[in-house]
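Notes for the one structure printed next.
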Amino acid sequence: MTAMTREETQALIQEVLEAYPDKAKKDRAKHLAVNDQSIEQSKKCITSNRKSLPGVMTVRGCAYAGSKGVVWGPIKDMIHISHGPVGCGQYSRAGRRNYYIGHTGVNTFGTMNFTSDFQEKDIVFGGDKKLAKLIDEIEGLFPLSKGITIQSECPIGLIGDDIEAVSKKKGKELEKPIVPVRCEGFRGVSQSLGHHIANDAIRDWVIGNRDGDESFPTTPYDVAIIGDYNIGGDAWASRILLEEMGLRVVAQWSGDGTLAEMELTPKVKLNLIHCYRSMNYISRHMEEKYGIPWMEYNFFGPTKIAESLRKIAAFFDETIQANAEKVIAKYEAEYQAIVAKYRPRLEGKRVMLYVGGLRPRHVIGAYEDLGMEVVGTGYEFAHNDDYDRTIKDMGNATLLYDDVTGYEFEEFVKKIKPDLIGSGIKEKYIFQKMGVPFRQMHSWDYSGPYHGYDGFAIFARDMDMTINNPCWKSMQAPWLKSAEGGEAEKLAASA
Amino acid sequence: MPNVMIRKNDAGNLLFYVAKKDMEETIASVELDTAETWGGGVELTDGSRWYIDPISPPPVFPTTLRFKRGDE
């Protein structure tokens, strides 16, 4: 199928919206749009960061997921208590594959689950005493933990526990930072507010800890990687490129990160933000309070990597700029070989994406490097500023969908018939059963890293082995095949 | 009266950022922008108007300031 025109895309949106009752149709129409590169501000064409429509299925998370799961969880040498009933922590435990180095249970705690396991009596009588006891127990069992965060689940806010008071008291007693985070799940419309709350907690309880302490030796080349969660080793693949350029990476936020790294970040010269959505708040704060400039970069695919490395180098002197060119030249043979190998196999394939708050635009460059085209993209929980940045990256007349519902996504796929879908685990099996190749783009489908030049090799291999997998030719039972032609399409349409 | 963070973007223009409203706009014009004072009526590129009592000496950006809606 050739690229759709603006009218066709608009007609498709109208057709899909027809299924809704009037009120729902009016609401959802604001979240679906045809990309128009001439528009400067996304708010003129798409609405985002609004409450999901009741009665439809979307794949959003909650504020607790944004704080515990995304921002705080990967800080490896702190213990993150899921304060409330046991389920929230246990069912999300170790799901995001934030890799880290250390001895789990001794000096790092990333994949462990700590919870206060609320019972009825804790709801009735309050859980503060239990929390204090829990913190003492943690201190006894895991004395090498550098600090504790208290990640509130819904009941904490509902019953009005004073976790701040417990934190202050216990923090003084143990002489460790104990950070209360008010990330109750009912706050906000998606995990996005959880990111914001977590950033504010870092601002209030961590960032200023070493103000006035100049004992940390700094260099003019100190940078921090912000918003890289080291999924499948992403941050490591990014870090080596920066270090080869001659920069010193002081902190990784928060994949494979530590409390000390966070406390030392105000001493760096430049903050590099990968995930803008989840960590722009703290970067803005550091710019205001410490005068540290920040910039967004993109380490998906060689084109964007080269672009980003040059942009980063422009903040520093000529040695770094020369080094950036050296790094790009060094890896050129490597990535050219990857492109030469996979591009012929992937050329012209069409991709639809639906991920969280960053990747729907960041990975477009990597697909384009492989000769693939992104024909539809959307975010679970992006805000207007994310769409502002997306409009320029996406082709004209492509489809944009915000907080897409299960029904809409399936209908779009049936009509657009992409060669690959990149989305999350909740969408994976639906589309695979419809016969569409699928990559899970939240956790790289248990693969990775995808960042950096090393990651691009893995990215290209994964896309090839998904799209060109022989299993997609076997979607129909052999005894049904001889009956009529074109049944694969029929199957997809009836799914 | 929202708290607004004012910062410079790469092009040197002033950005008007309201975290709570999730709004980031470029400032089109400032009524008073001299060596001694900064402030007064502020117009954004989207056409909305805001007001802040003139500050002297001018603040160092980025900084957070409290603005009033200009049409009040």
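The way I read the labels, and the way they are meant: chains A, B, ... in the order of the structure tokens, residue 1 as the first residue of every chain, and ligand 1 as the first ligand shown, with later ones counted on from there.
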Legend entry - Spatial neighbours of segment 345-352 of chain A, max dist 8 Å, only C-alpha atoms, sep filter under 4 positions, as a list of chain:residue names: A:Lys341, A:Leu370, A:Gly371, A:Met372, A:Glu373, A:Val374, A:Val375, A:Gly376, A:Thr377, A:Pro418, A:Asp419, A:Leu420, A:Ile421, A:Gly422, A:Asp464, A:Ile467, A:Asn468
Since we have the selection now, will you write its residues out, keeping N, CA and C atoms, as a short mmCIF file (atom, residue, chain, number, x, y, z; two decimals), in the first residue's frame?
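Contents of part-v7.cif, freshly written:
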data_model
loop_
_atom_site.label_atom_id
_atom_site.label_comp_id
_atom_site.auth_asym_id
_atom_site.auth_seq_id
_atom_site.Cartn_x
_atom_site.Cartn_y
_atom_site.Cartn_z
N LYS A 341 23.71 -4.49 5.59
CA LYS A 341 23.18 -5.84 5.77
C LYS A 341 21.66 -5.84 5.89
N LEU A 370 17.21 2.58 8.54
CA LEU A 370 17.06 1.24 7.96
C LEU A 370 16.14 1.26 6.74
N GLY A 371 15.77 2.45 6.30
CA GLY A 371 14.92 2.54 5.11
C GLY A 371 13.46 2.29 5.41
N MET A 372 13.08 2.28 6.68
CA MET A 372 11.68 2.04 7.04
C MET A 372 10.98 3.37 7.26
N GLU A 373 9.67 3.29 7.21
CA GLU A 373 8.88 4.52 7.30
C GLU A 373 7.91 4.39 8.46
N VAL A 374 7.84 5.41 9.30
CA VAL A 374 6.88 5.39 10.41
C VAL A 374 5.60 6.07 9.92
N VAL A 375 4.52 5.30 9.83
CA VAL A 375 3.29 5.84 9.24
C VAL A 375 2.26 6.27 10.29
N GLY A 376 2.50 5.89 11.53
CA GLY A 376 1.58 6.32 12.58
C GLY A 376 2.31 6.30 13.89
N THR A 377 2.05 7.29 14.72
CA THR A 377 2.72 7.29 16.02
C THR A 377 1.81 7.93 17.06
N PRO A 418 0.24 -1.98 8.63
CA PRO A 418 1.68 -1.77 8.72
C PRO A 418 2.43 -3.11 8.69
N ASP A 419 3.73 -3.05 8.39
CA ASP A 419 4.54 -4.26 8.39
C ASP A 419 5.08 -4.57 9.78
N LEU A 420 4.99 -3.59 10.66
CA LEU A 420 5.51 -3.79 12.01
C LEU A 420 4.80 -2.82 12.96
N ILE A 421 4.51 -3.33 14.15
CA ILE A 421 3.97 -2.44 15.19
C ILE A 421 4.95 -2.46 16.35
N GLY A 422 5.24 -1.30 16.88
CA GLY A 422 6.08 -1.20 18.07
C GLY A 422 5.24 -0.63 19.19
N ASP A 464 14.69 -6.98 11.91
CA ASP A 464 14.75 -7.94 10.81
C ASP A 464 14.17 -9.28 11.22
N ILE A 467 10.23 -8.90 11.49
CA ILE A 467 9.47 -8.69 10.25
C ILE A 467 9.63 -9.87 9.30
N ASN A 468 10.88 -10.35 9.16
CA ASN A 468 11.12 -11.40 8.16
C ASN A 468 11.05 -12.79 8.76
#
Inset, instruction - Pull the strand (DSSP E or B) assignments for chain B out of DSSP run on the backbone, and list those residues as a PyMOL selection string. - result: chain B and resi 3-8+14-18+23-33+38-44+49-55+63-66+68-69
Expected file: the selected residues, N, CA and C atoms, as a tab-separated table (two decimals), in the first residue's frame:
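Okay, part39.tsv is ready:
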chain	number	residue	atom	x	y	z
B	3	ASN	N	2.82	30.42	38.91
B	3	ASN	CA	4.27	30.52	38.96
B	3	ASN	C	4.81	30.22	37.58
B	4	VAL	N	5.58	31.11	37.05
B	4	VAL	CA	6.08	30.94	35.69
B	4	VAL	C	7.59	30.89	35.70
B	5	MET	N	8.14	29.89	35.04
B	5	MET	CA	9.59	29.84	34.90
B	5	MET	C	9.96	30.48	33.57
B	6	ILE	N	10.78	31.50	33.64
B	6	ILE	CA	11.24	32.17	32.42
B	6	ILE	C	12.66	31.70	32.12
B	7	ARG	N	12.87	31.20	30.92
B	7	ARG	CA	14.23	30.80	30.54
B	7	ARG	C	14.46	31.18	29.08
B	8	LYS	N	15.75	31.20	28.73
B	8	LYS	CA	16.09	31.50	27.34
B	8	LYS	C	16.18	30.21	26.55
B	14	LEU	N	12.94	34.45	25.00
B	14	LEU	CA	12.50	34.07	26.34
B	14	LEU	C	11.33	33.12	26.23
B	15	LEU	N	11.37	32.04	27.04
B	15	LEU	CA	10.27	31.08	27.07
B	15	LEU	C	9.50	31.26	28.36
B	16	PHE	N	8.22	31.09	28.26
B	16	PHE	CA	7.29	31.29	29.37
B	16	PHE	C	6.73	29.92	29.69
B	17	TYR	N	7.15	29.33	30.81
B	17	TYR	CA	6.80	27.94	31.09
B	17	TYR	C	5.98	27.84	32.37
B	18	VAL	N	4.78	27.31	32.25
B	18	VAL	CA	3.92	27.09	33.42
B	18	VAL	C	3.82	25.59	33.62
B	23	MET	N	2.43	24.31	29.89
B	23	MET	CA	2.39	25.27	28.81
B	23	MET	C	3.76	25.90	28.63
B	24	GLU	N	4.25	25.88	27.42
B	24	GLU	CA	5.53	26.52	27.14
B	24	GLU	C	5.36	27.37	25.89
B	25	GLU	N	5.48	28.67	26.06
B	25	GLU	CA	5.28	29.59	24.93
B	25	GLU	C	6.45	30.54	24.85
B	26	THR	N	6.68	31.07	23.69
B	26	THR	CA	7.71	32.09	23.52
B	26	THR	C	7.10	33.45	23.83
B	27	ILE	N	7.90	34.29	24.48
B	27	ILE	CA	7.43	35.64	24.78
B	27	ILE	C	7.64	36.51	23.55
B	28	ALA	N	6.57	37.15	23.10
B	28	ALA	CA	6.66	37.98	21.90
B	28	ALA	C	7.17	39.37	22.25
B	29	SER	N	6.59	39.96	23.31
B	29	SER	CA	7.05	41.30	23.67
B	29	SER	C	6.91	41.53	25.16
B	30	VAL	N	7.80	42.33	25.72
B	30	VAL	CA	7.75	42.72	27.12
B	30	VAL	C	7.66	44.24	27.15
B	31	GLU	N	6.75	44.75	27.99
B	31	GLU	CA	6.51	46.18	28.01
B	31	GLU	C	7.77	46.95	28.40
B	32	LEU	N	8.38	46.55	29.51
B	32	LEU	CA	9.59	47.23	29.98
B	32	LEU	C	10.75	46.25	29.92
B	33	ASP	N	11.72	46.53	29.09
B	33	ASP	CA	12.88	45.65	29.00
B	33	ASP	C	14.10	46.54	28.82
B	38	TRP	N	12.56	45.33	34.32
B	38	TRP	CA	12.00	44.31	33.42
B	38	TRP	C	10.62	43.99	33.94
B	39	GLY	N	9.66	43.91	33.04
B	39	GLY	CA	8.32	43.51	33.49
B	39	GLY	C	7.23	44.29	32.81
B	40	GLY	N	6.11	44.45	33.52
B	40	GLY	CA	4.94	45.08	32.94
B	40	GLY	C	4.13	44.06	32.16
B	41	GLY	N	3.44	44.53	31.14
B	41	GLY	CA	2.65	43.62	30.32
B	41	GLY	C	3.53	42.74	29.46
B	42	VAL	N	3.17	41.46	29.38
B	42	VAL	CA	3.94	40.51	28.58
B	42	VAL	C	3.00	39.85	27.60
B	43	GLU	N	3.38	39.85	26.34
B	43	GLU	CA	2.53	39.18	25.36
B	43	GLU	C	3.25	37.96	24.81
B	44	LEU	N	2.51	36.86	24.72
B	44	LEU	CA	3.11	35.63	24.21
B	44	LEU	C	2.76	35.44	22.74
B	49	ARG	N	-2.08	37.47	27.12
B	49	ARG	CA	-1.37	38.58	27.77
B	49	ARG	C	-1.26	38.30	29.26
B	50	TRP	N	-0.11	38.62	29.83
B	50	TRP	CA	0.14	38.42	31.24
B	50	TRP	C	0.75	39.69	31.80
B	51	TYR	N	0.69	39.81	33.13
B	51	TYR	CA	1.24	41.03	33.73
B	51	TYR	C	2.08	40.70	34.95
B	52	ILE	N	3.19	41.42	35.10
B	52	ILE	CA	4.00	41.33	36.30
B	52	ILE	C	4.46	42.73	36.65
B	53	ASP	N	4.45	43.05	37.96
B	53	ASP	CA	4.95	44.37	38.36
B	53	ASP	C	6.41	44.48	37.96
B	54	PRO	N	6.81	45.61	37.39
B	54	PRO	CA	8.20	45.73	36.92
B	54	PRO	C	9.21	45.46	38.03
B	55	ILE	N	10.24	44.73	37.68
B	55	ILE	CA	11.28	44.36	38.63
B	55	ILE	C	12.53	45.14	38.29
B	63	THR	N	14.57	31.99	35.82
B	63	THR	CA	14.06	32.25	37.17
B	63	THR	C	12.56	32.02	37.20
B	64	THR	N	12.02	31.84	38.40
B	64	THR	CA	10.59	31.64	38.53
B	64	THR	C	9.95	32.90	39.08
B	65	LEU	N	8.92	33.37	38.41
B	65	LEU	CA	8.24	34.60	38.81
B	65	LEU	C	6.74	34.34	38.87
B	66	ARG	N	6.04	35.20	39.59
B	66	ARG	CA	4.59	35.10	39.68
B	66	ARG	C	3.93	36.11	38.76
B	68	LYS	N	0.39	37.64	36.69
B	68	LYS	CA	-1.07	37.77	36.73
B	68	LYS	C	-1.56	37.68	35.30
B	69	ARG	N	-2.80	37.26	35.17
B	69	ARG	CA	-3.38	37.29	33.83
B	69	ARG	C	-3.53	38.74	33.39
Inset, instruction - Determine the nearest neighbour of Ser192 of chain A from the options A:Val106, A:Val71, A:Ala306, A:Ala251, counting only C-alpha atoms. - result: A:Val71
Can you check which parts of segment 24-85 of chain A lie within 9 Å of segment 196-216 of chain A? Per residue, the shortest pair of atoms and distance in Å to one decimal, counting only C-alpha atoms, sorted by chain and number, as JSON lines.
{"residue": "A:Ala63", "atom": "CA", "partner": "A:Ile197", "partner_atom": "CA", "distance": 8.1}
{"residue": "A:Gly66", "atom": "CA", "partner": "A:Ala198", "partner_atom": "CA", "distance": 7.8}
{"residue": "A:Ser67", "atom": "CA", "partner": "A:Ala198", "partner_atom": "CA", "distance": 5.2}
{"residue": "A:Lys68", "atom": "CA", "partner": "A:Ala198", "partner_atom": "CA", "distance": 8.2}
{"residue": "A:Val71", "atom": "CA", "partner": "A:Ala198", "partner_atom": "CA", "distance": 6.5}
{"residue": "A:Trp72", "atom": "CA", "partner": "A:Ala198", "partner_atom": "CA", "distance": 7.0}
Legend entry - Residues flagged helix (DSSP H, G or I) by DSSP in segment 110-256 of chain A, as a PyMOL selection string: chain A and resi 120-125+128-141+154-159+163-174+191-205+207-210+234-244
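Counting only C-alpha atoms, segment 10-12 of chain B has the following residues at most 12 Å away, ignoring those fewer than 5 positions along the same chain: Pro293, Trp294, Met295, Glu296, Lys311 and Phe315 of chain A; Thr26, Ile27, Phe61 and Pro62 of chain B.
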Would you export the selected residues with C-alpha atoms as a PDB file, in the first residue's frame, please?
ATOM      1  CA  PRO A 293      22.256  24.212  30.875  1.00  0.00           C
ATOM      2  CA  TRP A 294      20.400  21.187  29.569  1.00  0.00           C
ATOM      3  CA  MET A 295      19.859  19.764  26.152  1.00  0.00           C
ATOM      4  CA  GLU A 296      17.839  16.963  24.662  1.00  0.00           C
ATOM      5  CA  LYS A 311      25.302  19.129  19.363  1.00  0.00           C
ATOM      6  CA  PHE A 315      28.825  23.039  24.380  1.00  0.00           C
TER       7      PHE A 315
ATOM      8  CA  THR B  26       7.709  32.085  23.516  1.00  0.00           C
ATOM      9  CA  ILE B  27       7.431  35.637  24.778  1.00  0.00           C
ATOM     10  CA  PHE B  61      17.141  34.126  33.740  1.00  0.00           C
ATOM     11  CA  PRO B  62      16.216  31.333  34.215  1.00  0.00           C
TER      12      PRO B  62
END
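Contacts from chain A to chain B at a cut-off of 10 Å (only C-alpha atoms) map to Gln41, Lys43, Asn49, His196, Tyr281, Arg284, His285, Met286, Glu287, Glu288, Lys289, Tyr290, Gly291, Pro293, Met295, His383, Asn384 and Asp385 of chain A.
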Quick one: write out the picked residues with C-alpha atoms as a PDB file, in the first residue's frame?
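Writing done, so here's again.pdb:
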ATOM      1  CA  GLN A  41       2.125  24.350  17.941  1.00  0.00           C
ATOM      2  CA  LYS A  43      -2.233  22.242  20.612  1.00  0.00           C
ATOM      3  CA  ASN A  49      -2.647  14.786  28.816  1.00  0.00           C
ATOM      4  CA  HIS A 196       6.608  15.112  37.994  1.00  0.00           C
ATOM      5  CA  TYR A 281      11.292  19.064  35.462  1.00  0.00           C
ATOM      6  CA  ARG A 284      14.669  22.944  34.530  1.00  0.00           C
ATOM      7  CA  HIS A 285      15.105  23.186  38.283  1.00  0.00           C
ATOM      8  CA  MET A 286      18.858  22.629  38.061  1.00  0.00           C
ATOM      9  CA  GLU A 287      19.087  25.260  35.341  1.00  0.00           C
ATOM     10  CA  GLU A 288      17.315  27.753  37.533  1.00  0.00           C
ATOM     11  CA  LYS A 289      19.062  26.978  40.798  1.00  0.00           C
ATOM     12  CA  TYR A 290      22.567  26.033  39.662  1.00  0.00           C
ATOM     13  CA  GLY A 291      22.728  27.529  36.162  1.00  0.00           C
ATOM     14  CA  PRO A 293      22.256  24.212  30.875  1.00  0.00           C
ATOM     15  CA  MET A 295      19.859  19.764  26.152  1.00  0.00           C
ATOM     16  CA  HIS A 383       1.932  16.497  26.823  1.00  0.00           C
ATOM     17  CA  ASN A 384       1.685  19.224  24.231  1.00  0.00           C
ATOM     18  CA  ASP A 385       5.416  19.881  24.236  1.00  0.00           C
TER      19      ASP A 385
END
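Separating atom CA of Ile292 of chain A from atom CA of Tyr276 of chain A is a distance of 15.9 Å.
Between atom CA of Met463 of chain A and atom CA of Ser238 of chain A there is a distance of 20.3 Å.
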Legend entry - Point-to-point distance from atom CA of Ile273 of chain A to atom CA of Asn298 of chain A, Å rounded to tenths: 8.6 Å
Inset, instruction - Find the spatial neighbours of segment 175-188 of chain A, counting only C-alpha atoms, within a cut-off of 7 Å - ignore same-chain residues fewer than 5 positions away - and output them as a PyMOL selection string. - result: chain A and resi 62-64+67+146-154+157+163-164+167+193-194+197-198+201+205
